[in-house]
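To keep things clear, I will list the structure first and then write my remarks on it.
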Amino acid sequence: MTQKLIIIGAGMATGRALEQLLKAGGDYDVTLFNAEPRGNYDRIMLSPVLSGDKTYEEIVIHTAEWYEENGVTCRFGEKIASIDRAAKTVTADNGDVLSYDKLLFGTGSNPFIIPLPGHDLEGVIAYRDLEDTERMMGLGPDSKCVVIGGGLLGLEAAAGMAARGVDVTVIHIMGHLMERQLDEAAGYLLRKALVDKGITVKCSANSKEILGENGKVKALLLDDGTELPCDLLVMAVGIRPNVQLAQDAGLAVGKGIHVDDQMRTSDDDVLAVGECVEHDGAIFGLVAPLYDQAKVVAKTLMGEDAQFVQKELSTKLKVTGCDLFSAGDFAEGEDREDIVFRDPARGVYRRLVLQGNHVIGAVMYGDTADSNWFFGLIRDKTDIEDMRDTLIFGPAYQGGAPSDPLSAVAALPRDAEICGCNGISKGEIEDAIAAGSGDLAAIKATTKASASCGTCAGLVEQVLAVTLGDDFVIPAAASVCGCTDMTHEDVRRMIKSQKLTSMPAVWQECAWKTVDGCHVCRPALNFYLLADWPLEYKDDPQSRFINERKHANIQKDGTFSVVPRMWGGITTPSELRAIADAADKYMVPTVKVTGGQRIDLLGVKGEDLPAIWKDLNDAGMVSGYAYSKGLRTVKTCVGTDHCRFGTQDSTGLGIKLEKTLHGAWTPHKLKLGVSGCPRNCAESTCKDIGVICVDSGYQISIGGAAGMDVKETELMIQVPTEDEAIQVIKAVSQLYRENAKYLDRIYKWMAKVGLDWITEQIEDLETRVALVDRFELSQTIYRHDPWAEHVKKAETYQPLTNLALEAAE
């Protein structure tokens, strides 16, 4: 006989319980309530949504179609107001009364809000759900945000907003970040990595008051008197089980809803799962034990024997691109000893805590590939006496010398946990492989290994390689898009070798699956053809992103950013007057000095673009190409003109370089810096191409970055004269244009081909001259001022109706 099951909460724990119940053939009529206006989605992946790496649609676990196909009645956006356990009914907040045979609580947890004065101001939020994420995504690149809490959630929130250009400060009351998961040394490394990414971190800092103005947050005041201005304040200081509804219903409640080993509450017909429960005094926040609970709940509902057992847990995380792992007890003690390995050059740190001949704790930062093996030693209480000398180096070094890296995976027992989120062992993956799952996607679909946070994907592939042997196919490099199976490198080789000079030729010869490409491949093909065949190919403006079509940066409100070029950062009073007049005339709301020594007019209406271009053109100014995959700026210091330390005319060289390179389309944006002496005031060593002027000439370095990745340039060549420096930079720019993958910055291209190869091409005078000739030819054909051109034509490019290039941007 079909029974009625009401589930309160459509989170990851109840979602997994529902999957298990349906898989087992449970005969239940299911009604699912959720306070959020949506179903089950992967909350672990909200951080990639915040940073822009994923969309909400990509993290949905159960779609509306899934619920419909499985006969689940969804009451999303509705709360349960009360429960009558005697009558076995629930009352929804709209007054509907529904009866149940079994009731499952999955009410999750509530974020803890520190009761500081001002905590109820508008703009003070937690980081818990999609609405919080969207609020943070709404901040503009010039906004300021303060995050209280240096745990995982707080750091993910900070990193996601920093990736969007927000000025972020993290406040943490403890002495180092993530103190529950990391020791002080690893916490230091994490803090350093965050600071390198532009995030301000203040540890041992105590919040005193949230300051507001007109009901909105404006700053956080610390107890030492420091005032931190902010447009948004995010509290990420912990969670508490959401037990109010259960408590009102008379269920036994402590820190969470009390449950037994079968996940039953004090009422046998009411079960609970997830962050709302308390089992043997413990509450839970990691997904792995929640999924274990979900399996038990499903079996209990099926009338089968099951028992939830708390397991030794490890924490394997990726915070802002940094791999972290901790397990066991890593506190100091008189009866304990440490084994520590540090590799500062690679940013790798490992610490093992030993008690006698057993590993009782481990902390790893930067390289966590061996974490499962170390966790197995802790969990199994393995005697490590015979491998103490090589223990810190991991399983591949046991026996005295490194072996095939896959041997460590092969040596793992079948019960070794591979996917911590979903509790999937090596044996389960091997069984799935034996049943026909031959690649990562199939393993993910059949076992859910790597389907949550994804950090174990590499380990899963290693299990595949070990198990399948020669039958394992190494995953191919990513194709350009869904229109083709070919990589960027394959397509470019075809364009060059077959002399393909048009998009239709590429589509034909490279067996494109679509008639005329898509919003992903067309911009890439347009660049490749333009760079390789400047005489034969005509630029297709419609195959560019919206910013390059509009010749201005689109903003989140649909207005545009207009940046006139200032050669080498030098301007004149007349230019400044023209900018001021334009700002007044077109009611520009924000005028900002950029990091590239230019002035940005933000908030220009689309219909005003041709007119403001004309006014700036009439004043002698041209487009700054601040929107382009091309030269952005050449940042300079004052050099010998004014500075007593200057060795060369860095300003003059910077202006010459900018006038030479501007308008050159490149695989990605291109930024240069010219510093007049090794004091490096123009920050040349974090640019794509940097010049340091010295007494004997010009040191030219490449491959710097100062965004999500922070990298110092590497010296490519030193030349004695200014003219030779200009020639070298033309040549390396053309080499980059002709060989790099579209949307790869120079440092990514350099990592693939090697600095030695690049230097070899540039040092060969015949090759250098040929590169310069091709660069100058391309500039002759394509360099122009798009503002002036569009004013002259009195028209602007419009997007093709069948291309969603705005979405791709």
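Letters A, B, ... go to the chains of the structure tokens in the order shown; residues in each chain start at 1; ligands are counted from 1 in the same order.
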Distance table requested - range 82-162 of chain A against range 546-558 of chain A, cut-off 10 Å, only C-alpha atoms: one row per qualifying residue with the closest atom pair and its distance in Å to one decimal, ordered by chain and rising residue number, as CSV.
```
residue,atom,partner,partner_atom,distance
A:Gly138,CA,A:Lys556,CA,8.1
A:Leu139,CA,A:Lys556,CA,9.2
A:Gly140,CA,A:Lys556,CA,7.5
A:Pro141,CA,A:Gln555,CA,9.7
```
Once you have the residues from the selection above, write them out as a CSV table (one decimal), in the first residue's frame, restricted to N, CA, C and O atoms.
```
chain,number,residue,atom,x,y,z
A,138,GLY,N,26.1,41.1,-7.7
A,138,GLY,CA,25.6,42.4,-8.1
A,138,GLY,C,26.5,43.5,-7.8
A,138,GLY,O,26.3,44.6,-8.3
A,139,LEU,N,27.6,43.2,-7.1
A,139,LEU,CA,28.6,44.3,-6.8
A,139,LEU,C,29.4,44.6,-8.0
A,139,LEU,O,29.8,43.7,-8.7
A,140,GLY,N,29.6,45.9,-8.3
A,140,GLY,CA,30.4,46.3,-9.4
A,140,GLY,C,31.9,46.2,-9.1
A,140,GLY,O,32.3,46.1,-7.9
A,141,PRO,N,32.8,46.4,-10.1
A,141,PRO,CA,34.2,46.2,-9.9
A,141,PRO,C,34.8,47.3,-9.0
A,141,PRO,O,35.9,47.2,-8.6
```
**Request:** Just the residues within 7 Å of range 357-370 of chain A, please, counting only C-alpha atoms, with nothing from its chain fewer than 5 positions along; format it as a PyMOL selection string.
**Result:** chain A and resi 182+186+322-330+347-352+377-378+381-385+394
Selection above as a file: N, CA and C atoms, as a PDB file, in the first residue's frame:
```pdb
ATOM      1  N   LEU A 182      43.544  23.873   9.367  1.00  0.00           N
ATOM      2  CA  LEU A 182      44.950  24.075   9.037  1.00  0.00           C
ATOM      3  C   LEU A 182      45.750  24.468  10.272  1.00  0.00           C
ATOM      4  N   ALA A 186      50.395  26.316   7.447  1.00  0.00           N
ATOM      5  CA  ALA A 186      49.539  26.232   6.255  1.00  0.00           C
ATOM      6  C   ALA A 186      48.619  27.438   6.176  1.00  0.00           C
ATOM      7  N   CYS A 322      43.902  27.069  -4.348  1.00  0.00           N
ATOM      8  CA  CYS A 322      44.918  26.442  -3.493  1.00  0.00           C
ATOM      9  C   CYS A 322      44.369  25.128  -2.946  1.00  0.00           C
ATOM     10  N   ASP A 323      45.118  24.041  -3.138  1.00  0.00           N
ATOM     11  CA  ASP A 323      44.703  22.731  -2.650  1.00  0.00           C
ATOM     12  C   ASP A 323      45.086  22.584  -1.186  1.00  0.00           C
ATOM     13  N   LEU A 324      44.119  22.153  -0.361  1.00  0.00           N
ATOM     14  CA  LEU A 324      44.325  21.984   1.071  1.00  0.00           C
ATOM     15  C   LEU A 324      43.828  20.622   1.499  1.00  0.00           C
ATOM     16  N   PHE A 325      44.467  20.064   2.526  1.00  0.00           N
ATOM     17  CA  PHE A 325      44.007  18.796   3.090  1.00  0.00           C
ATOM     18  C   PHE A 325      44.374  18.767   4.566  1.00  0.00           C
ATOM     19  N   SER A 326      43.450  18.281   5.378  1.00  0.00           N
ATOM     20  CA  SER A 326      43.776  18.039   6.779  1.00  0.00           C
ATOM     21  C   SER A 326      42.951  16.865   7.270  1.00  0.00           C
ATOM     22  N   ALA A 327      43.514  16.120   8.204  1.00  0.00           N
ATOM     23  CA  ALA A 327      42.827  14.972   8.788  1.00  0.00           C
ATOM     24  C   ALA A 327      43.436  14.681  10.153  1.00  0.00           C
ATOM     25  N   GLY A 328      42.604  14.127  11.020  1.00  0.00           N
ATOM     26  CA  GLY A 328      43.104  13.701  12.313  1.00  0.00           C
ATOM     27  C   GLY A 328      43.388  14.851  13.252  1.00  0.00           C
ATOM     28  N   ASP A 329      44.299  14.613  14.172  1.00  0.00           N
ATOM     29  CA  ASP A 329      44.639  15.563  15.231  1.00  0.00           C
ATOM     30  C   ASP A 329      46.031  16.120  14.948  1.00  0.00           C
ATOM     31  N   PHE A 330      46.113  17.414  14.650  1.00  0.00           N
ATOM     32  CA  PHE A 330      47.425  17.982  14.347  1.00  0.00           C
ATOM     33  C   PHE A 330      47.847  19.010  15.394  1.00  0.00           C
ATOM     34  N   GLY A 347      55.459  26.327  -3.418  1.00  0.00           N
ATOM     35  CA  GLY A 347      54.366  26.620  -2.497  1.00  0.00           C
ATOM     36  C   GLY A 347      53.770  25.362  -1.903  1.00  0.00           C
ATOM     37  N   VAL A 348      54.624  24.356  -1.597  1.00  0.00           N
ATOM     38  CA  VAL A 348      54.146  23.074  -1.073  1.00  0.00           C
ATOM     39  C   VAL A 348      54.558  22.935   0.391  1.00  0.00           C
ATOM     40  N   TYR A 349      53.635  22.480   1.209  1.00  0.00           N
ATOM     41  CA  TYR A 349      53.895  22.265   2.638  1.00  0.00           C
ATOM     42  C   TYR A 349      53.180  20.992   3.075  1.00  0.00           C
ATOM     43  N   ARG A 350      53.905  20.148   3.803  1.00  0.00           N
ATOM     44  CA  ARG A 350      53.317  18.938   4.375  1.00  0.00           C
ATOM     45  C   ARG A 350      53.763  18.813   5.831  1.00  0.00           C
ATOM     46  N   ARG A 351      52.842  18.437   6.681  1.00  0.00           N
ATOM     47  CA  ARG A 351      53.188  18.173   8.075  1.00  0.00           C
ATOM     48  C   ARG A 351      52.435  16.931   8.541  1.00  0.00           C
ATOM     49  N   LEU A 352      53.181  15.978   9.074  1.00  0.00           N
ATOM     50  CA  LEU A 352      52.601  14.778   9.660  1.00  0.00           C
ATOM     51  C   LEU A 352      52.828  14.815  11.163  1.00  0.00           C
ATOM     52  N   LEU A 377      46.413   5.833   6.370  1.00  0.00           N
ATOM     53  CA  LEU A 377      47.330   5.515   7.472  1.00  0.00           C
ATOM     54  C   LEU A 377      46.739   5.934   8.815  1.00  0.00           C
ATOM     55  N   ILE A 378      46.099   7.117   8.827  1.00  0.00           N
ATOM     56  CA  ILE A 378      45.483   7.608  10.067  1.00  0.00           C
ATOM     57  C   ILE A 378      44.297   6.737  10.460  1.00  0.00           C
ATOM     58  N   LYS A 381      45.281   3.197  11.447  1.00  0.00           N
ATOM     59  CA  LYS A 381      46.307   3.108  12.513  1.00  0.00           C
ATOM     60  C   LYS A 381      47.488   2.223  12.080  1.00  0.00           C
ATOM     61  N   THR A 382      47.948   2.476  10.862  1.00  0.00           N
ATOM     62  CA  THR A 382      49.033   1.689  10.274  1.00  0.00           C
ATOM     63  C   THR A 382      50.353   1.927  11.008  1.00  0.00           C
ATOM     64  N   ASP A 383      51.092   0.864  11.255  1.00  0.00           N
ATOM     65  CA  ASP A 383      52.423   0.982  11.842  1.00  0.00           C
ATOM     66  C   ASP A 383      53.386   1.469  10.750  1.00  0.00           C
ATOM     67  N   ILE A 384      54.001   2.612  10.957  1.00  0.00           N
ATOM     68  CA  ILE A 384      54.836   3.217   9.904  1.00  0.00           C
ATOM     69  C   ILE A 384      56.334   3.138  10.227  1.00  0.00           C
ATOM     70  N   GLU A 385      56.709   2.302  11.177  1.00  0.00           N
ATOM     71  CA  GLU A 385      58.103   2.254  11.616  1.00  0.00           C
ATOM     72  C   GLU A 385      59.057   1.986  10.456  1.00  0.00           C
ATOM     73  N   GLY A 394      55.405  10.388   0.578  1.00  0.00           N
ATOM     74  CA  GLY A 394      54.233   9.762   0.009  1.00  0.00           C
ATOM     75  C   GLY A 394      54.443   8.329  -0.420  1.00  0.00           C
TER      76      GLY A 394
END
```
**Asked** Can you list, as a ChimeraX atom specification, every residue of range 138-305 of chain A that DSSP puts in strand (DSSP E or B)?
**Response** /A:144-148,167-171,200-202,207-213,216-222,227-229,232-235,239-241,253,257-258,264,270-272,277-279,282
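The space separating CA of Arg577 in chain A from CA of Val591 in chain A comes to 13.0 Å.
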**Request:** Return as a ChimeraX atom specification the full set of residues in range 148-396 of chain A whose backbone-based DSSP assignment is helix (DSSP H, G or I).
**Result:** /A:152-163,184-196,244-248,287-301,371-380,385-387,391-393,395-396
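Minimum atom-to-atom distance to Cys145 in chain A, evaluated using only C-alpha atoms, belongs to A:Leu233 out of A:Ile781, A:Val90, A:Val60, A:Leu233.
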**Message:** I want to know what sits within 8 Å of Thr590 in chain A, based on only C-alpha atoms, with residues of the same chain fewer than 5 positions away left out; could you give that as a ChimeraX atom specification?
**Reply:** /A:601-603
Could I get the residues of range 650-692 of chain A with an atom no further than 12 Å from an atom of range 696-714 of chain A, each paired with its nearest atom pair and that distance in Å to one decimal, using only C-alpha atoms, sorted by chain and residue number, as a Markdown table?
```
| residue | atom | partner | partner_atom | distance |
| --- | --- | --- | --- | --- |
| A:Ser650 | CA | A:Tyr698 | CA | 9.8 |
| A:Leu653 | CA | A:Tyr698 | CA | 10.4 |
| A:Lys669 | CA | A:Ala705 | CA | 11.3 |
| A:Leu670 | CA | A:Ala705 | CA | 10.5 |
| A:Lys671 | CA | A:Ala705 | CA | 9.3 |
| A:Leu672 | CA | A:Ile702 | CA | 9.2 |
| A:Gly673 | CA | A:Ser701 | CA | 10.0 |
| A:Val674 | CA | A:Ile700 | CA | 9.3 |
| A:Ser675 | CA | A:Tyr698 | CA | 9.7 |
| A:Gly676 | CA | A:Tyr698 | CA | 9.3 |
| A:Cys677 | CA | A:Tyr698 | CA | 9.6 |
| A:Pro678 | CA | A:Gln699 | CA | 9.7 |
| A:Asn680 | CA | A:Gln699 | CA | 11.8 |
| A:Glu683 | CA | A:Ala706 | CA | 10.0 |
| A:Ser684 | CA | A:Thr713 | CA | 8.2 |
| A:Thr685 | CA | A:Thr713 | CA | 5.1 |
| A:Cys686 | CA | A:Gly704 | CA | 4.2 |
| A:Lys687 | CA | A:Gly704 | CA | 4.6 |
| A:Asp688 | CA | A:Gly704 | CA | 5.0 |
| A:Ile689 | CA | A:Ile702 | CA | 4.4 |
| A:Gly690 | CA | A:Ser701 | CA | 5.1 |
| A:Val691 | CA | A:Ile700 | CA | 4.7 |
| A:Ile692 | CA | A:Gln699 | CA | 5.1 |
```
With N, CA, C and O atoms retained, write the just-selected residues as an mmCIF file, in the first residue's frame.
```cif
data_model
loop_
_atom_site.group_PDB
_atom_site.id
_atom_site.type_symbol
_atom_site.label_atom_id
_atom_site.label_comp_id
_atom_site.auth_asym_id
_atom_site.auth_seq_id
_atom_site.Cartn_x
_atom_site.Cartn_y
_atom_site.Cartn_z
ATOM 1 N N SER A 650 62.275 56.247 -20.063
ATOM 2 C CA SER A 650 61.220 55.226 -20.023
ATOM 3 C C SER A 650 59.892 55.780 -20.538
ATOM 4 O O SER A 650 59.131 55.070 -21.205
ATOM 5 N N LEU A 653 60.062 55.891 -24.365
ATOM 6 C CA LEU A 653 59.975 54.540 -24.933
ATOM 7 C C LEU A 653 58.565 53.993 -24.797
ATOM 8 O O LEU A 653 58.042 53.370 -25.733
ATOM 9 N N LYS A 669 44.127 40.203 -23.993
ATOM 10 C CA LYS A 669 44.603 41.563 -23.745
ATOM 11 C C LYS A 669 46.108 41.554 -23.505
ATOM 12 O O LYS A 669 46.678 40.580 -23.014
ATOM 13 N N LEU A 670 46.748 42.672 -23.851
ATOM 14 C CA LEU A 670 48.198 42.779 -23.785
ATOM 15 C C LEU A 670 48.549 44.043 -23.004
ATOM 16 O O LEU A 670 48.134 45.143 -23.373
ATOM 17 N N LYS A 671 49.302 43.854 -21.918
ATOM 18 C CA LYS A 671 49.693 44.989 -21.088
ATOM 19 C C LYS A 671 51.215 45.041 -20.997
ATOM 20 O O LYS A 671 51.857 44.012 -20.790
ATOM 21 N N LEU A 672 51.756 46.256 -21.139
ATOM 22 C CA LEU A 672 53.202 46.465 -21.065
ATOM 23 C C LEU A 672 53.528 47.447 -19.956
ATOM 24 O O LEU A 672 52.677 48.252 -19.542
ATOM 25 N N GLY A 673 54.770 47.384 -19.506
ATOM 26 C CA GLY A 673 55.272 48.368 -18.559
ATOM 27 C C GLY A 673 56.719 48.685 -18.892
ATOM 28 O O GLY A 673 57.485 47.809 -19.304
ATOM 29 N N VAL A 674 57.097 49.952 -18.719
ATOM 30 C CA VAL A 674 58.486 50.366 -18.927
ATOM 31 C C VAL A 674 58.936 51.123 -17.684
ATOM 32 O O VAL A 674 58.392 52.187 -17.365
ATOM 33 N N SER A 675 59.905 50.565 -16.985
ATOM 34 C CA SER A 675 60.439 51.181 -15.773
ATOM 35 C C SER A 675 61.824 51.748 -16.056
ATOM 36 O O SER A 675 62.670 51.071 -16.649
ATOM 37 N N GLY A 676 62.060 52.985 -15.593
ATOM 38 C CA GLY A 676 63.297 53.675 -15.915
ATOM 39 C C GLY A 676 64.506 53.198 -15.157
ATOM 40 O O GLY A 676 65.635 53.598 -15.473
ATOM 41 N N CYS A 677 64.300 52.333 -14.156
ATOM 42 C CA CYS A 677 65.429 51.774 -13.418
ATOM 43 C C CYS A 677 64.941 50.527 -12.696
ATOM 44 O O CYS A 677 63.740 50.253 -12.671
ATOM 45 N N PRO A 678 65.845 49.750 -12.101
ATOM 46 C CA PRO A 678 65.416 48.517 -11.431
ATOM 47 C C PRO A 678 64.488 48.730 -10.242
ATOM 48 O O PRO A 678 63.960 47.744 -9.697
ATOM 49 N N ASN A 680 61.660 49.868 -10.504
ATOM 50 C CA ASN A 680 60.457 49.275 -11.104
ATOM 51 C C ASN A 680 59.169 49.970 -10.688
ATOM 52 O O ASN A 680 58.175 49.326 -10.355
ATOM 53 N N GLU A 683 55.919 48.893 -12.346
ATOM 54 C CA GLU A 683 55.469 47.521 -12.099
ATOM 55 C C GLU A 683 55.612 46.649 -13.359
ATOM 56 O O GLU A 683 54.730 45.852 -13.693
ATOM 57 N N SER A 684 56.724 46.819 -14.047
ATOM 58 C CA SER A 684 56.931 46.122 -15.312
ATOM 59 C C SER A 684 57.040 44.616 -15.154
ATOM 60 O O SER A 684 56.804 43.870 -16.115
ATOM 61 N N THR A 685 57.397 44.144 -13.979
ATOM 62 C CA THR A 685 57.647 42.711 -13.792
ATOM 63 C C THR A 685 56.388 41.900 -13.547
ATOM 64 O O THR A 685 56.470 40.706 -13.255
ATOM 65 N N CYS A 686 55.205 42.525 -13.640
ATOM 66 C CA CYS A 686 53.963 41.735 -13.584
ATOM 67 C C CYS A 686 53.109 41.987 -14.824
ATOM 68 O O CYS A 686 51.904 41.743 -14.810
ATOM 69 N N LYS A 687 53.735 42.466 -15.905
ATOM 70 C CA LYS A 687 53.021 42.720 -17.149
ATOM 71 C C LYS A 687 53.236 41.562 -18.128
ATOM 72 O O LYS A 687 54.093 40.711 -17.927
ATOM 73 N N ASP A 688 52.465 41.570 -19.220
ATOM 74 C CA ASP A 688 52.684 40.577 -20.269
ATOM 75 C C ASP A 688 54.080 40.741 -20.863
ATOM 76 O O ASP A 688 54.774 39.762 -21.122
ATOM 77 N N ILE A 689 54.446 41.994 -21.101
ATOM 78 C CA ILE A 689 55.805 42.311 -21.551
ATOM 79 C C ILE A 689 56.299 43.464 -20.694
ATOM 80 O O ILE A 689 55.606 44.479 -20.554
ATOM 81 N N GLY A 690 57.480 43.306 -20.111
ATOM 82 C CA GLY A 690 58.005 44.350 -19.247
ATOM 83 C C GLY A 690 59.407 44.747 -19.661
ATOM 84 O O GLY A 690 60.216 43.906 -20.079
ATOM 85 N N VAL A 691 59.685 46.041 -19.544
ATOM 86 C CA VAL A 691 61.017 46.559 -19.863
ATOM 87 C C VAL A 691 61.582 47.229 -18.611
ATOM 88 O O VAL A 691 60.923 48.090 -18.023
ATOM 89 N N ILE A 692 62.765 46.814 -18.216
ATOM 90 C CA ILE A 692 63.505 47.479 -17.143
ATOM 91 C C ILE A 692 64.716 48.167 -17.772
ATOM 92 O O ILE A 692 65.562 47.519 -18.389
#
```
**Request:** Would you work out the distance separating CA of Pro534 in chain A from CA of Phe775 in chain A, expressed in Å to one decimal?
**Result:** 9.8 Å
**Request:** Fewer than 6 positions away in the same chain doesn't count, so skip those; otherwise give me all residues within 10 Å of Ser574 in chain A, counting only C-alpha atoms, as a ChimeraX atom specification.
**Result:** /A:580,619-620
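CA of Asn526 in chain A lies 14.3 Å from CA of Met494 in chain A.
Residues in contact with Ala441 in chain A at 12 Å, where only C-alpha atoms are counted and same-chain residues fewer than 6 positions away are skipped, are listed as A:Ala432, A:Ile433, A:Thr447, A:Lys448, A:Ala449, A:Ser450, A:Ala451, A:Gly454, A:Ala457, A:Val460, A:Glu461, A:Leu464, A:Pro475.
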Writing out the chosen residues with N, CA, C and O atoms as a compact mmCIF listing (two decimals), in the first residue's frame:
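As a result, result-v1.txt now contains:
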```
# COMPACT_ATOMS: atom_id res chain seq x y z
N ALA A 432 32.37 -0.36 -11.00
CA ALA A 432 31.71 0.39 -12.08
C ALA A 432 32.46 0.23 -13.40
O ALA A 432 31.85 0.11 -14.47
N ILE A 433 33.79 0.22 -13.32
CA ILE A 433 34.60 0.02 -14.52
C ILE A 433 34.34 -1.37 -15.10
O ILE A 433 34.17 -1.54 -16.32
N THR A 447 28.53 6.33 -10.27
CA THR A 447 28.88 6.25 -8.85
C THR A 447 28.78 7.58 -8.13
O THR A 447 28.79 7.62 -6.90
N LYS A 448 28.74 8.69 -8.87
CA LYS A 448 28.77 10.06 -8.36
C LYS A 448 30.15 10.47 -7.86
O LYS A 448 30.32 11.56 -7.31
N ALA A 449 31.16 9.63 -8.03
CA ALA A 449 32.52 10.03 -7.69
C ALA A 449 32.94 11.23 -8.53
O ALA A 449 32.79 11.21 -9.76
N SER A 450 33.43 12.26 -7.90
CA SER A 450 33.86 13.54 -8.50
C SER A 450 32.69 14.41 -8.95
O SER A 450 32.90 15.44 -9.59
N ALA A 451 31.45 14.03 -8.61
CA ALA A 451 30.29 14.78 -9.08
C ALA A 451 29.95 15.97 -8.20
O ALA A 451 29.11 16.78 -8.56
N GLY A 454 34.49 17.96 -7.11
CA GLY A 454 35.33 17.69 -8.26
C GLY A 454 36.82 17.58 -8.00
O GLY A 454 37.59 17.31 -8.91
N ALA A 457 38.72 14.31 -9.14
CA ALA A 457 38.62 13.86 -10.52
C ALA A 457 39.92 13.25 -11.02
O ALA A 457 39.92 12.22 -11.70
N VAL A 460 40.31 9.78 -9.61
CA VAL A 460 39.40 8.84 -10.28
C VAL A 460 39.99 8.40 -11.61
O VAL A 460 39.95 7.22 -11.97
N GLU A 461 40.56 9.34 -12.35
CA GLU A 461 41.17 8.99 -13.63
C GLU A 461 42.38 8.07 -13.44
O GLU A 461 42.65 7.21 -14.27
N LEU A 464 41.03 4.69 -13.07
CA LEU A 464 40.68 4.21 -14.41
C LEU A 464 41.92 3.72 -15.14
O LEU A 464 41.90 2.64 -15.76
N PRO A 475 42.12 11.41 -21.79
CA PRO A 475 41.15 12.40 -22.28
C PRO A 475 41.79 13.37 -23.25
O PRO A 475 42.88 13.88 -23.02
```
